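Asks: Just passing along the structure, written as structure tokens.
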Amino acid sequence: MSTLDLKDIQGIFVRGYGELEAGCYMLLHIRDATPARDWLGRVAALITDGEQKPETRALNLAFTCEGLTALGLDAETLATFSHEFQDGMASEYRRRILGDHGESAPENWAWGGPTTTPVHVLLMIFAVNEDERSEFCKSLSDGFASGGVEQVGEVLRSIVLRDVSGCSKEHFGFCDSIAQPFIEGLGKTGPPPNTVKAGEFVLGYRNEYNLLTERPLVKAERDPHSILPPAEESAGDHDLGRDGTYLVFRQLQQHVNRFWQFMEDSTRDAGGGSHPDARIRLASKMVGRWPSGAPLILSPDGDNAALGKENDFAYYEADPHGLKCPIGSHIRRSNPRDTLDPHPGTEKSTDVNKRHQLLRRGRAYGEPVAASMKPEDILREEVPGDRGLHFICLNANISRQFEFVQQTWVNNPKFNGLYNDSDPLIGDRDALGPGQAAIFTEQAEPVRRRATRLPQFVSVRGGAYFFLPGLNAIRYLASI
Amino acid sequence: MAHQVALTVRARITPGRLAQLKNELAIVNADIEHNELVPFARLGRVHFARFVILDEPVAAAGGVAPQGDDQFAPSLVFASNVDAPLSDYLDELMSVAADGLDRIFSNCEGYPAPGQLTNEARADYLMARGIKTQAFYVNTIGRMVTQVKDEARLREAIEDFLERQPAATLATWPASRVGSAIQEFVRGEQSLVWAQAQARGLAFWWRVKEWTRFILVILILLALLPLFIVLLPFFIVLLRYHEKKDARGGNFRLSSMARGQLENFEDQVVQNQISAVGHIKPGWFRGFTVRALLMGLSFSVRHVYNSGDLGTVKPLGLVGVNTIHFAQWIMIDGGRRMLFLSNYDGSLGSYMDDFVNKVAWGLNAVFSNGASYPKTDWLFLHGAHDEQGFKAFLQKHQIPTQAWYTAYKQSTALNLTNNAKLRAGLFDTLSEEGRADWLRKL
């Protein structure tokens with residue numbers, strides 16, 4: 001196993017910069033390639049690598065395929081990027097498998113769709129406080145005009161919603177980002193079923209098949225100063241992908257009032273009375289964790305904040321039929337652990353699961369409906385405004401990781417033997433035809449309960465596939 | 001109840017008529033169930049069917065890679081997976097789609113002239129161009145289209161019935177009482193009368209025939225065992241010689257695959273199709289090996305893997321795949337090429353992941369005889385374990401399926417198996433435990 005070259009890998013691979021709470025994303029369009037390459041060379045010096053532990057500011061940068069084209073990367077090299085990346089998130093086929101239609105259709109996106117200015121570059125900016133952030137953003141944007149780039153749309157500002165226990169919440173009120181894979185060779189290792197080879201998340205290293213994932217390469221003669229290292233297992237090529245990875249960005253709008261109103265309506269008794277506990281229980285059944293983050297599999301009967309950060313568990317032995325944590329709940333299908341074939345409950349199952357992992361780096365955006373994030377306060381009033389999650393994940397193979405999770409697990413109404421159940425939280429309700437995948441089955445004794453006609457609780461407001469290059473690769477791109 | 005059969009017709013396309021043919025197939029595919037040519041929804045015996053064009057000239061196909069050095073004349077393949085007997089299917093086809101077949105096959109060589117078009121002439125034409133399927137996988141032998149549809153309807157009716165019951169009441173009942181309530185409901189439904197009886201099994205004489213065949217083959221194999229043992233070392237030496245000689249994979253990269261055109265046809269419904277064609281490696285040894293393996297595969301899918309699973313070998317701890325509805329392995333062009341057709345659940349990506357993660361050994365054995373397959377060792381090892389190399393191999397050989405029909409586009413194979421169990425246990429006398437288990441199928 002080769003050691004991770006953290007000086008060459010961008011910092012966002014190593015850490016989410018949790019202590020830098022003021023964050024934003026800037027989307028750029030390249031107007032003029034020549035000054036843009038010079039600009040990139042200047043910005044390269046500001047980029048946070050994986051070894052640094054920034055205390056005030058961090059900056060990371062990624063390109064779309066159009067962005068690399070606009071920068072002047074040659075067609076032969078572009079063709080070595082993965083098909084998904086070249087095709088783009090908003091293509092006819094990908095919107096179909098990702099479930100992006102209706103209010104989530106790319107035509108309606110605020111960015112990344114066919115009707116808005118093409119996004120070329122993504123700047124991810126993190127700072128210790130708001131003042132620091134706005135100063136950093138200003139100093140960066142001062143260089144745009146002379147650098148041949150311009151900003152697309154608004155700055156996408158993120159927020160951190162901390163609860164008393166310190167966990168970061170998403171807008172429905174659940175602690176989020178608990179289950180992250182441990183990366184082999186990076187800091188502490190976790191339990192084997194949750195420790196994944198680095199090559200699943202960064203290119204140029206061995207993946208879970210003990211192979212190198214296909215990565216972008218340049219012909220040696222196109223890199224005369226050898227800025228890039230020679231490509232392993234591919235003679236005559238230099239490795240443009242090494243220490244880089246693919247970054248998936250989706251702006252997911254959360255319909256918070258709609259979500260809790262549905263829980264309220266579904267748990268009212270015959271006389272119309274409210275049942276706050278049943279409301280939370282149903283929502284938690286859909287998530288697979290209680291609002292504190294405590295997994296249902298460990299705490300089936302009620303929330304237990306002491307288990308809020310718990311991530312060392314499996315499903316099959318404790319709950320083969322989904323009586324504790326429903327088979328179709330969000331966490332049991334977006335990361336089924338040991339649930340699926342072959343040999344559920346064993347390492348053979350988790351070995352396959354490890355080939356479909358995402359390294360999540362997203363943050364919430366928009367003001368919460370109620371500061372308390374409690375359903376009773378949320379239900380009291382409808383607060384307009386766009387809020388949700390800037391979903392970001394890193395993966396070496398978009399098709400086997402992000403797209404697989406989205407299509408085969410999250411949006412698949414047939415997941416693990418189900419019929420009409422897409423992911424209760426984020427799934428596409430029309431995956432089988434209009435409204436045909438809108439059931440949530442809660443396995444129970446003597447017979448299952450169902451919630452039906454689930455509306456869309458989340459819709460997509462923007463998105464794109466990016467390439468997050470290693471630092472050498474950024475220097476190479478600035479030199480072409 | 002009847003078993004399932006495959007009808008695969010291959011006809012040469014008349015030079016100059018490819019564009020016209022593709023137009024007709026596009027009309028079929030635009031509304032596969034109710035189009036004016038072959039309205040498949042009116043053909044009650046068809047599970048899956050497709051039209052595929054082989055050896056479409058590269059320019060017309062929009063850049064799909066050529067399939068080898070040989071030049072083969074373009075041909076049309078019409079493949080149907082249907083409930084036996086085949087003659088009933090042909091009758092259905094003639095009564096529903098005679099004009100449509102004319103419009104399609106009149107673009108192919110040798111189709112009867114308009115004056116000579118009788119249903120008999122049409123059927124003769126198709127049968128004369130029928131090609132043999134070397135191995136035909138049927139997810140569950142004997143489960144007919146009508147049964148599939150009835151059982152899906154039964155499950156939905158039961159789910160709807162439960163929906164109408166107050167959840168709080170149901171929760172307090174023991175399993176047996178919920179079971180009785182469901183039985184009572186089904187008894188009261190005129191349209192579900194059939195569900196009170198078990199699905200009719202395969203015909204007794206058919207089963208006797210199958211068992212006899214199974215036992216005979218086993219006996220013959222046992223009798224030949226000494227011969228196999230003597231020949232095995234020679235086979236292994238030859239195998240290793242050929243494997244060492246193989247180039248190290250085709251070095252295809254997935255990124256350079258022309259996927260766009262193929263993706264247009266994919267992920268429209270719950271299931272997907274794949275059509276792929278490739279060359280067998282030259283020389284008698286690979287030709288012999290692949291035929292022998294397909295015979296073995298054919299035997300095992302007919303007698304062992306005939307109820308919901310393909311590839312599980314319990315003693316070896318191997319778990320198979322339960323997402324394939326029908327698949328055909330067909331040797332064409334005098335054994336120089338193989339055509340592979342499959343109807344499966346979920347995305348192509350997940351299908352290929354299943355291959356790599358679960359049944360790589362089986363894929364290796366058959367497909368390693370195909371040119372440019374990732375390098376294998378000892379027939380079963382490596383090969384498909386080169387994940388992206390294998391995926392690139394399969395996609396390089398994939399060809400567009402111009403028109404594709406599925407009779408139950410809303411159901412996975414797992415759904416069908418579950419529906420069948422639901423029906424089978426509905427009126428069984430079960431213990432409390434047994435009824436609780438049955439209720440979990442809902």
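In the structure tokens, chains take letters A, B, ... by order of appearance, with residues numbered from 1 within each chain and ligands from 1 in the order shown.
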Distance limit 6 Å, atoms considered: only C-alpha atoms. Which chain B residues sit that close to chain A? Return them as a PyMOL selection string.
Replies: chain B and resi 175+255+319+414+439
Asks: Could you take the residues named above and write them with N, CA and C atoms, as a short mmCIF file (atom, residue, chain, number, x, y, z; two decimals), in the first residue's frame?
Replies:
data_model
loop_
_atom_site.label_atom_id
_atom_site.label_comp_id
_atom_site.auth_asym_id
_atom_site.auth_seq_id
_atom_site.Cartn_x
_atom_site.Cartn_y
_atom_site.Cartn_z
N ALA B 175 -51.29 -13.02 14.58
CA ALA B 175 -51.07 -13.25 13.15
C ALA B 175 -52.20 -14.07 12.54
N SER B 255 -13.99 4.76 -20.01
CA SER B 255 -14.23 6.16 -20.34
C SER B 255 -14.38 6.38 -21.84
N VAL B 319 -22.81 -17.62 -3.73
CA VAL B 319 -24.17 -17.10 -3.80
C VAL B 319 -24.42 -16.59 -5.22
N LEU B 414 -37.54 -10.81 -7.79
CA LEU B 414 -37.79 -11.04 -6.36
C LEU B 414 -39.25 -10.80 -6.02
N LEU B 439 -47.02 -13.38 6.78
CA LEU B 439 -47.41 -11.96 6.77
C LEU B 439 -46.23 -11.04 6.47
#
Asks: Would you give me, as a count of residues only, the residues in stretch 247-402 of chain B that DSSP reads as helix (DSSP H, G or I)?
Replies: 62
Asks: Could you work out how far atom CA of A:Ala231 lies from atom CA of A:Thr195, giving the answer in Å with one decimal?
Replies: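 Between atom CA of A:Thr195 and atom CA of A:Ala231 the gap works out to 26.2 Å.
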Asks: Pick out the residues sitting within 6 Å of stretch 38-52 of chain B, and hand them over as JSON, numbers by chain; count only C-alpha atoms, and ignore anything fewer than 6 positions along from it in its own chain.
Replies: {"B": [76, 77, 78, 79, 80, 81, 82, 83, 97, 100, 401, 402, 403, 404, 405, 406, 407]}
Asks: Would you write out those residues with N, CA and C atoms, as a compact mmCIF listing (two decimals), in the first residue's frame?
Replies:
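Result written to out_13.txt:
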# COMPACT_ATOMS: atom_id res chain seq x y z
N LEU B 76 -31.18 -9.11 -38.79
CA LEU B 76 -32.15 -8.77 -37.76
C LEU B 76 -32.39 -9.98 -36.88
N VAL B 77 -32.33 -9.78 -35.57
CA VAL B 77 -32.65 -10.86 -34.65
C VAL B 77 -33.95 -10.49 -33.93
N PHE B 78 -34.88 -11.44 -33.95
CA PHE B 78 -36.15 -11.27 -33.24
C PHE B 78 -36.20 -12.39 -32.21
N ALA B 79 -36.09 -12.02 -30.93
CA ALA B 79 -36.03 -13.04 -29.88
C ALA B 79 -37.22 -12.91 -28.95
N SER B 80 -37.90 -14.03 -28.69
CA SER B 80 -39.04 -14.02 -27.78
C SER B 80 -38.86 -15.11 -26.74
N ASN B 81 -39.18 -14.78 -25.49
CA ASN B 81 -39.21 -15.76 -24.40
C ASN B 81 -40.67 -15.94 -24.04
N VAL B 82 -41.20 -17.13 -24.33
CA VAL B 82 -42.66 -17.30 -24.26
C VAL B 82 -43.05 -18.57 -23.53
N ASP B 83 -44.33 -18.61 -23.16
CA ASP B 83 -44.88 -19.82 -22.57
C ASP B 83 -45.14 -20.85 -23.67
N ALA B 97 -50.41 -9.69 -35.29
CA ALA B 97 -49.33 -8.86 -35.83
C ALA B 97 -48.88 -9.27 -37.22
N GLY B 100 -47.84 -6.30 -39.28
CA GLY B 100 -46.64 -5.69 -38.70
C GLY B 100 -45.40 -6.51 -39.02
N THR B 401 -30.47 -2.46 -28.48
CA THR B 401 -31.66 -3.27 -28.68
C THR B 401 -32.73 -2.32 -29.23
N GLN B 402 -33.07 -2.52 -30.49
CA GLN B 402 -33.92 -1.52 -31.15
C GLN B 402 -35.33 -1.47 -30.58
N ALA B 403 -35.83 -2.62 -30.17
CA ALA B 403 -37.17 -2.62 -29.57
C ALA B 403 -37.19 -3.71 -28.53
N TRP B 404 -37.80 -3.41 -27.41
CA TRP B 404 -37.75 -4.36 -26.28
C TRP B 404 -39.06 -4.34 -25.53
N TYR B 405 -39.57 -5.53 -25.27
CA TYR B 405 -40.84 -5.65 -24.55
C TYR B 405 -40.68 -6.48 -23.29
N THR B 406 -41.31 -6.01 -22.22
CA THR B 406 -41.43 -6.81 -21.02
C THR B 406 -42.89 -6.85 -20.62
N ALA B 407 -43.36 -8.03 -20.25
CA ALA B 407 -44.79 -8.18 -19.93
C ALA B 407 -45.12 -7.66 -18.54
Asks: Select from stretch 264-302 of chain B everything DSSP, run on the backbone, classes as strand (DSSP E or B), then give the selection as a list in words.
Replies: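 Strand (DSSP E or B) members of stretch 264-302 of chain B, listed: Gln271, Asn272, Gln273, Ile274, Ser275, Ala276, Val277, Gly278, His279 and Ile280 of chain B.
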Asks: Produce a file of the selected residues containing N, CA and C atoms, as a PDB file, in the first residue's frame.
Replies:
ATOM      1  N   GLN B 271     -36.929  -3.237 -15.159  1.00  0.00           N
ATOM      2  CA  GLN B 271     -35.944  -4.161 -15.712  1.00  0.00           C
ATOM      3  C   GLN B 271     -35.147  -3.505 -16.827  1.00  0.00           C
ATOM      4  N   ASN B 272     -34.105  -4.180 -17.229  1.00  0.00           N
ATOM      5  CA  ASN B 272     -33.297  -3.749 -18.353  1.00  0.00           C
ATOM      6  C   ASN B 272     -32.971  -4.935 -19.241  1.00  0.00           C
ATOM      7  N   GLN B 273     -32.523  -4.602 -20.451  1.00  0.00           N
ATOM      8  CA  GLN B 273     -32.067  -5.633 -21.379  1.00  0.00           C
ATOM      9  C   GLN B 273     -30.612  -5.401 -21.688  1.00  0.00           C
ATOM     10  N   ILE B 274     -29.935  -6.461 -22.042  1.00  0.00           N
ATOM     11  CA  ILE B 274     -28.635  -6.279 -22.690  1.00  0.00           C
ATOM     12  C   ILE B 274     -28.556  -7.250 -23.860  1.00  0.00           C
ATOM     13  N   SER B 275     -28.046  -6.762 -24.969  1.00  0.00           N
ATOM     14  CA  SER B 275     -27.708  -7.607 -26.112  1.00  0.00           C
ATOM     15  C   SER B 275     -26.227  -7.396 -26.350  1.00  0.00           C
ATOM     16  N   ALA B 276     -25.491  -8.490 -26.458  1.00  0.00           N
ATOM     17  CA  ALA B 276     -24.057  -8.349 -26.691  1.00  0.00           C
ATOM     18  C   ALA B 276     -23.611  -9.447 -27.638  1.00  0.00           C
ATOM     19  N   VAL B 277     -22.651  -9.120 -28.470  1.00  0.00           N
ATOM     20  CA  VAL B 277     -22.148 -10.107 -29.413  1.00  0.00           C
ATOM     21  C   VAL B 277     -20.627 -10.007 -29.471  1.00  0.00           C
ATOM     22  N   GLY B 278     -19.972 -11.163 -29.520  1.00  0.00           N
ATOM     23  CA  GLY B 278     -18.512 -11.130 -29.566  1.00  0.00           C
ATOM     24  C   GLY B 278     -17.953 -12.374 -30.229  1.00  0.00           C
ATOM     25  N   HIS B 279     -16.700 -12.252 -30.610  1.00  0.00           N
ATOM     26  CA  HIS B 279     -16.011 -13.372 -31.253  1.00  0.00           C
ATOM     27  C   HIS B 279     -15.507 -14.373 -30.221  1.00  0.00           C
ATOM     28  N   ILE B 280     -15.587 -15.641 -30.581  1.00  0.00           N
ATOM     29  CA  ILE B 280     -14.900 -16.665 -29.807  1.00  0.00           C
ATOM     30  C   ILE B 280     -13.432 -16.642 -30.244  1.00  0.00           C
TER      31      ILE B 280
END
Asks: By how many Å are atom CA of A:Ser459 and atom CA of A:Arg429 apart?
Replies: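 Going from atom CA of A:Ser459 over to atom CA of A:Arg429 covers 11.0 Å.
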Asks: For A:Arg242, list every protein, DNA or RNA residue within 8 Å, evaluated using only C-alpha atoms, and leave out those in the same chain fewer than 4 positions away; present the list as a PyMOL selection string.
Replies: chain A and resi 202-205+215+469-470+473
Asks: Keeping only C-alpha atoms, write the selected residues as a tab-separated table (two decimals), in the first residue's frame.
Replies:
chain	number	residue	atom	x	y	z
A	202	VAL	CA	-8.89	9.25	-4.15
A	203	LEU	CA	-7.39	8.30	-7.50
A	204	GLY	CA	-4.01	6.69	-7.90
A	205	TYR	CA	-4.37	4.30	-4.94
A	215	ARG	CA	-8.23	7.89	-13.92
A	469	PRO	CA	-7.50	17.62	-8.84
A	470	GLY	CA	-4.42	16.99	-6.77
A	473	ALA	CA	-2.54	18.41	-11.32
